[in-house]
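Pasting query.cif here (mmCIF, C-alpha atoms):
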```cif
data_data
#
loop_
_atom_site.group_PDB
_atom_site.id
_atom_site.type_symbol
_atom_site.label_atom_id
_atom_site.label_comp_id
_atom_site.auth_asym_id
_atom_site.auth_seq_id
_atom_site.Cartn_x
_atom_site.Cartn_y
_atom_site.Cartn_z
ATOM 1 C CA MET A 216 -10.890 8.052 -39.501
ATOM 2 C CA ALA A 217 -7.882 8.527 -37.220
ATOM 3 C CA LYS A 218 -6.788 12.138 -36.821
ATOM 4 C CA GLN A 219 -3.142 13.143 -36.584
ATOM 5 C CA ASN A 220 -1.924 16.607 -35.651
ATOM 6 C CA ASN A 221 1.887 16.686 -35.635
ATOM 7 C CA THR A 222 2.742 14.522 -32.606
ATOM 8 C CA LYS A 223 -0.857 13.882 -31.480
ATOM 9 C CA VAL A 224 -3.251 11.187 -32.665
ATOM 10 C CA VAL A 225 -6.900 10.404 -31.994
ATOM 11 C CA THR A 226 -7.362 6.751 -32.882
ATOM 12 C CA ASN A 227 -10.165 4.986 -34.643
ATOM 13 C CA VAL A 228 -11.823 2.316 -32.491
ATOM 14 C CA VAL A 229 -9.193 0.344 -30.542
ATOM 15 C CA ARG A 230 -9.292 -2.042 -27.612
ATOM 16 C CA LEU A 231 -7.968 -1.263 -24.147
ATOM 17 C CA SER A 232 -5.793 -3.685 -22.186
ATOM 18 C CA TYR A 233 -4.110 -3.287 -18.801
ATOM 19 C CA ALA A 234 -6.422 -0.300 -18.300
ATOM 20 C CA ASN A 235 -5.070 1.459 -15.208
ATOM 21 C CA ILE A 236 -6.975 4.684 -15.791
ATOM 22 C CA TRP A 237 -8.764 5.316 -12.506
ATOM 23 C CA GLU A 238 -5.812 5.155 -10.102
ATOM 24 C CA PRO A 239 -2.149 5.769 -10.934
ATOM 25 C CA LYS A 240 0.173 2.812 -10.387
ATOM 26 C CA SER A 241 3.915 2.473 -10.065
ATOM 27 C CA ILE A 242 5.622 0.101 -12.490
ATOM 28 C CA ASN A 243 8.992 -1.291 -11.384
ATOM 29 C CA GLY A 244 9.272 1.297 -8.609
ATOM 30 C CA GLY A 245 8.883 4.282 -10.945
ATOM 31 C CA ALA A 246 6.609 7.283 -10.566
ATOM 32 C CA GLU A 247 2.906 6.526 -10.284
ATOM 33 C CA LYS A 248 1.140 6.903 -13.630
ATOM 34 C CA TYR A 249 -2.156 6.215 -15.315
ATOM 35 C CA SER A 250 -1.566 3.738 -18.118
ATOM 36 C CA CYS A 251 -3.135 1.590 -20.769
ATOM 37 C CA SER A 252 -2.096 -0.709 -23.576
ATOM 38 C CA ILE A 253 -3.865 0.326 -26.784
ATOM 39 C CA ILE A 254 -4.543 -2.641 -29.120
ATOM 40 C CA ILE A 255 -4.890 -1.587 -32.777
ATOM 41 C CA PRO A 256 -6.008 -4.056 -35.466
ATOM 42 C CA LYS A 257 -3.448 -4.312 -38.272
ATOM 43 C CA SER A 258 -6.363 -3.743 -40.665
ATOM 44 C CA ASP A 259 -6.752 -0.190 -39.248
ATOM 45 C CA THR A 260 -4.226 1.306 -41.636
ATOM 46 C CA ASP A 261 -5.459 4.880 -40.957
ATOM 47 C CA THR A 262 -4.580 4.726 -37.247
ATOM 48 C CA ILE A 263 -1.268 2.939 -37.913
ATOM 49 C CA ALA A 264 -0.296 5.554 -40.533
ATOM 50 C CA ALA A 265 -1.277 8.417 -38.181
ATOM 51 C CA ILE A 266 0.793 6.913 -35.349
ATOM 52 C CA ASN A 267 3.813 6.402 -37.614
ATOM 53 C CA ALA A 268 3.539 10.002 -38.852
ATOM 54 C CA ALA A 269 3.301 11.258 -35.243
ATOM 55 C CA ILE A 270 6.375 9.181 -34.304
ATOM 56 C CA ASP A 271 8.292 10.682 -37.248
ATOM 57 C CA ALA A 272 7.227 14.186 -36.149
ATOM 58 C CA ALA A 273 8.284 13.451 -32.545
ATOM 59 C CA ILE A 274 11.711 12.304 -33.757
ATOM 60 C CA LYS A 275 12.112 15.523 -35.735
ATOM 61 C CA ASP A 276 10.760 17.705 -32.889
ATOM 62 C CA GLY A 277 13.003 15.916 -30.374
ATOM 63 C CA THR A 278 16.259 16.333 -32.270
ATOM 64 C CA HIS A 279 17.659 18.437 -29.398
ATOM 65 C CA LYS A 280 17.290 15.374 -27.123
ATOM 66 C CA PHE A 281 19.361 13.334 -29.576
ATOM 67 C CA GLY A 282 22.390 15.632 -29.686
ATOM 68 C CA GLY A 283 21.074 17.854 -32.469
ATOM 69 C CA LYS A 284 20.955 15.062 -35.070
ATOM 70 C CA VAL A 285 17.949 13.184 -36.388
ATOM 71 C CA PRO A 286 18.697 9.537 -35.532
ATOM 72 C CA GLN A 287 17.722 6.533 -37.610
ATOM 73 C CA LYS A 288 14.477 4.946 -36.385
ATOM 74 C CA GLY A 289 16.274 1.629 -35.887
ATOM 75 C CA ALA A 290 18.529 3.228 -33.256
ATOM 76 C CA LEU A 291 15.565 4.286 -31.085
ATOM 77 C CA LYS A 292 13.043 2.568 -28.840
ATOM 78 C CA LEU A 293 9.709 3.045 -30.570
ATOM 79 C CA PRO A 294 6.245 2.730 -29.016
ATOM 80 C CA LEU A 295 4.410 0.950 -31.871
ATOM 81 C CA ARG A 296 4.921 -2.763 -31.403
ATOM 82 C CA ASP A 297 3.748 -5.941 -33.136
ATOM 83 C CA GLY A 298 1.377 -8.060 -31.040
ATOM 84 C CA ASP A 299 2.028 -11.157 -33.161
ATOM 85 C CA VAL A 300 5.735 -10.985 -32.285
ATOM 86 C CA GLU A 301 5.839 -9.538 -28.768
ATOM 87 C CA ARG A 302 2.755 -10.952 -27.013
ATOM 88 C CA ASP A 303 1.635 -14.501 -26.445
ATOM 89 C CA ASP A 304 -1.936 -13.320 -25.957
ATOM 90 C CA GLU A 305 -4.880 -13.970 -28.273
ATOM 91 C CA ALA A 306 -6.171 -10.386 -27.821
ATOM 92 C CA TYR A 307 -2.963 -9.030 -29.396
ATOM 93 C CA GLN A 308 -2.907 -11.391 -32.401
ATOM 94 C CA GLY A 309 -3.311 -9.607 -35.742
ATOM 95 C CA CYS A 310 -2.721 -6.301 -33.984
ATOM 96 C CA PHE A 311 -0.159 -3.649 -33.195
ATOM 97 C CA PHE A 312 -0.102 -2.027 -29.758
ATOM 98 C CA VAL A 313 1.276 0.968 -27.903
ATOM 99 C CA ASN A 314 1.674 1.352 -24.158
ATOM 100 C CA ALA A 315 0.577 4.846 -23.172
ATOM 101 C CA ASN A 316 0.857 6.556 -19.801
ATOM 102 C CA SER A 317 0.405 9.895 -18.083
ATOM 103 C CA THR A 318 0.866 11.477 -14.676
ATOM 104 C CA THR A 319 -2.542 13.131 -15.207
ATOM 105 C CA ALA A 320 -5.786 11.149 -15.135
ATOM 106 C CA PRO A 321 -7.457 10.875 -18.536
ATOM 107 C CA GLN A 322 -10.914 12.299 -18.997
ATOM 108 C CA VAL A 323 -13.239 9.405 -19.801
ATOM 109 C CA VAL A 324 -16.414 10.045 -21.797
ATOM 110 C CA ASP A 325 -19.189 8.104 -23.506
ATOM 111 C CA GLN A 326 -20.273 8.270 -27.162
ATOM 112 C CA HIS A 327 -22.069 11.573 -26.474
ATOM 113 C CA VAL A 328 -18.970 13.044 -24.748
ATOM 114 C CA ARG A 329 -20.626 12.854 -21.330
ATOM 115 C CA PRO A 330 -18.258 12.010 -18.455
ATOM 116 C CA ILE A 331 -18.153 8.374 -17.356
ATOM 117 C CA LEU A 332 -17.763 8.231 -13.593
ATOM 118 C CA GLU A 333 -18.636 4.582 -12.955
ATOM 119 C CA ARG A 334 -15.307 2.731 -12.859
ATOM 120 C CA SER A 335 -16.812 -0.561 -14.015
ATOM 121 C CA GLU A 336 -17.674 1.051 -17.383
ATOM 122 C CA ILE A 337 -14.020 1.121 -18.515
ATOM 123 C CA TYR A 338 -12.021 -2.083 -18.254
ATOM 124 C CA SER A 339 -9.487 -4.179 -20.135
ATOM 125 C CA GLY A 340 -11.383 -5.374 -23.202
ATOM 126 C CA VAL A 341 -13.610 -2.325 -23.789
ATOM 127 C CA TYR A 342 -13.559 -0.671 -27.235
ATOM 128 C CA ALA A 343 -12.725 3.025 -27.303
ATOM 129 C CA ARG A 344 -11.155 5.939 -29.122
ATOM 130 C CA VAL A 345 -8.068 7.331 -27.442
ATOM 131 C CA SER A 346 -6.045 10.511 -27.798
ATOM 132 C CA LEU A 347 -2.297 9.871 -27.741
ATOM 133 C CA SER A 348 0.754 12.111 -27.875
ATOM 134 C CA PHE A 349 4.267 11.112 -28.882
ATOM 135 C CA TYR A 350 7.465 12.699 -27.598
ATOM 136 C CA ALA A 351 11.217 12.081 -27.576
ATOM 137 C CA PHE A 352 13.144 10.885 -24.540
ATOM 138 C CA ASN A 353 16.828 10.381 -23.777
ATOM 139 C CA SER A 354 17.368 9.064 -20.265
ATOM 140 C CA ASN A 355 20.028 6.815 -18.724
ATOM 141 C CA GLY A 356 21.259 5.667 -22.127
ATOM 142 C CA ASN A 357 17.748 4.917 -23.406
ATOM 143 C CA ARG A 358 16.690 6.964 -26.403
ATOM 144 C CA GLY A 359 13.401 6.825 -28.184
ATOM 145 C CA ILE A 360 9.841 7.976 -28.563
ATOM 146 C CA ALA A 361 7.302 7.568 -25.754
ATOM 147 C CA CYS A 362 3.517 7.543 -25.938
ATOM 148 C CA GLY A 363 1.446 9.787 -23.671
ATOM 149 C CA LEU A 364 -2.100 8.827 -22.699
ATOM 150 C CA GLY A 365 -4.673 11.534 -23.348
ATOM 151 C CA ASN A 366 -8.436 11.144 -23.082
ATOM 152 C CA ILE A 367 -10.653 8.118 -23.664
ATOM 153 C CA GLN A 368 -14.044 7.851 -25.360
ATOM 154 C CA LYS A 369 -15.870 4.567 -24.772
ATOM 155 C CA VAL A 370 -17.412 3.230 -27.971
ATOM 156 C CA ARG A 371 -18.798 -0.137 -26.867
ATOM 157 C CA ASP A 372 -18.378 -2.997 -24.429
ATOM 158 C CA GLY A 373 -16.152 -5.937 -25.254
ATOM 159 C CA GLU A 374 -15.253 -9.293 -23.766
ATOM 160 C CA PRO A 375 -13.185 -8.569 -20.626
ATOM 161 C CA LEU A 376 -9.505 -9.444 -20.975
ATOM 162 C CA GLY A 377 -7.367 -11.020 -18.302
ATOM 163 C CA GLY A 378 -9.072 -14.322 -17.624
ATOM 164 C CA ARG A 379 -11.321 -13.008 -14.867
ATOM 165 C CA THR A 380 -14.566 -14.936 -14.591
ATOM 166 C CA ASN A 381 -18.008 -13.979 -13.365
ATOM 167 C CA ALA A 382 -18.891 -15.211 -9.843
ATOM 168 C CA ALA A 383 -22.297 -16.419 -11.103
ATOM 169 C CA ASP A 384 -20.460 -18.776 -13.477
ATOM 170 C CA GLU A 385 -18.409 -20.288 -10.642
ATOM 171 C CA PHE A 386 -20.895 -20.662 -7.797
ATOM 172 C CA THR A 387 -24.384 -22.010 -7.250
ATOM 173 C CA THR A 388 -27.035 -20.640 -4.925
ATOM 174 C CA LEU A 389 -26.769 -22.018 -1.399
ATOM 175 C CA ALA A 390 -29.790 -23.162 0.532
ATOM 176 C CA ASP A 391 -30.804 -20.961 3.429
ATOM 177 C CA GLU A 392 -29.205 -22.745 6.343
ATOM 178 C CA ASP A 393 -27.901 -21.650 9.670
ATOM 179 C CA PHE A 394 -24.165 -22.187 9.167
ATOM 180 C CA LEU A 395 -23.404 -21.288 12.773
ATOM 181 C CA SER A 396 -25.418 -24.119 14.355
#
```

Kindly return the structure encoded in the file as C-alpha cells.
Amino acid sequence: MAKQNNTKVVTNVVRLSYANIWEPKSINGGAEKYSCSIIIPKSDTDTIAAINAAIDAAIKDGTHKFGGKVPQKGALKLPLRDGDVERDDEAYQGCFFVNANSTTAPQVVDQHVRPILERSEIYSGVYARVSLSFYAFNSNGNRGIACGLGNIQKVRDGEPLGGRTNAADEFTTLADEDFLS
C-alpha cells in the first residue's frame, strides 16, 4: 500500500523509465540532476490517491510562493500526467506518470534493503518502489508543483524499455580466422 506523509509518498510497485540515477545529467542546459520517469498503472488507485493528496498538501504548504493565495489546481503545472494522452509509448499506456529529479543521488536498495552498487541492476523497465516528495515552485512565470526523486527499492526485473536489443540477438559467432592476413 502506498504511504503518504504530507508532501512525501512511497509508491507501490511502479516501473522506471528514463532512469538517470547513477550519473546526473543536464536537461536543456539546466543544472545536472538525477532523474527518472515513474510509470504508475491507473489500476494502482492507492498510489494515485497518495500522490494527489501530496500535491494538494504541497499547494497548501507552498502558498507563500503563490503570493499568499491558494491557487486553483488548473492554474498550475502539475507533475501527475496521463500516459494515454501525453506519451505515444506502449509502456505508458493505461498509466499515469511523474518525472522526478534531484541534485542528490538516490540510495538504491534491493528487496532486503541492501545497497545495489551494480549499475546494470537498475535500468529503464525495472519494477521498483520509489520515495517521492512534492513541492511548490514559482520561477520565470512558471508556477506549479514539482516532484523530487528520493530513494529507490528494486522489486523485480522487467523488460528493458527504449528499444535496445541484446548483442547476442543481432550477431552470430564468427569462425576463428586471421582477419589480418

If you count all atoms listed in the file, the residue of A:Ala306, A:Ile270, A:Val370, A:Cys251 closest to Ala234 of chain A turns out to be A:Cys251

Selected residue of minimal separation from Gly359 of chain A among A:Leu389, A:Val228, A:Leu295, A:Ile274, counting all atoms listed in the file: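 Checking each of A:Leu389, A:Val228, A:Leu295, A:Ile274 against Gly359 of chain A, counting all atoms listed in the file, the winner is A:Ile274.
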
Please provide the set of residues having any atom within 12 Å of Ser252 of chain A, restricted to only C-alpha atoms, with same-chain residues fewer than 6 positions apart removed, written as an NGL selection string. :A and (229-236 or 294-296 or 298 or 302 or 306-307 or 310-316 or 338-341 or 343 or 345 or 347 or 362-364 or 376)

A:Glu238, A:Asp261, A:Asp299, A:Asp271: which is nearest Thr222 of chain A, counting all atoms listed in the file?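 Residue with the minimum atom-to-atom distance to Thr222 of chain A: A:Asp271.
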
Apply the PyMOL selection byres ((chain A and resi 227) around 7) to the file shown and report the selected residues as a list in words.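 With the shown file as input, the PyMOL selection byres ((chain A and resi 227) around 7) matches Met216, Ala217, Val225, Thr226, Val228, Val229, Thr262 and Arg344 of chain A.
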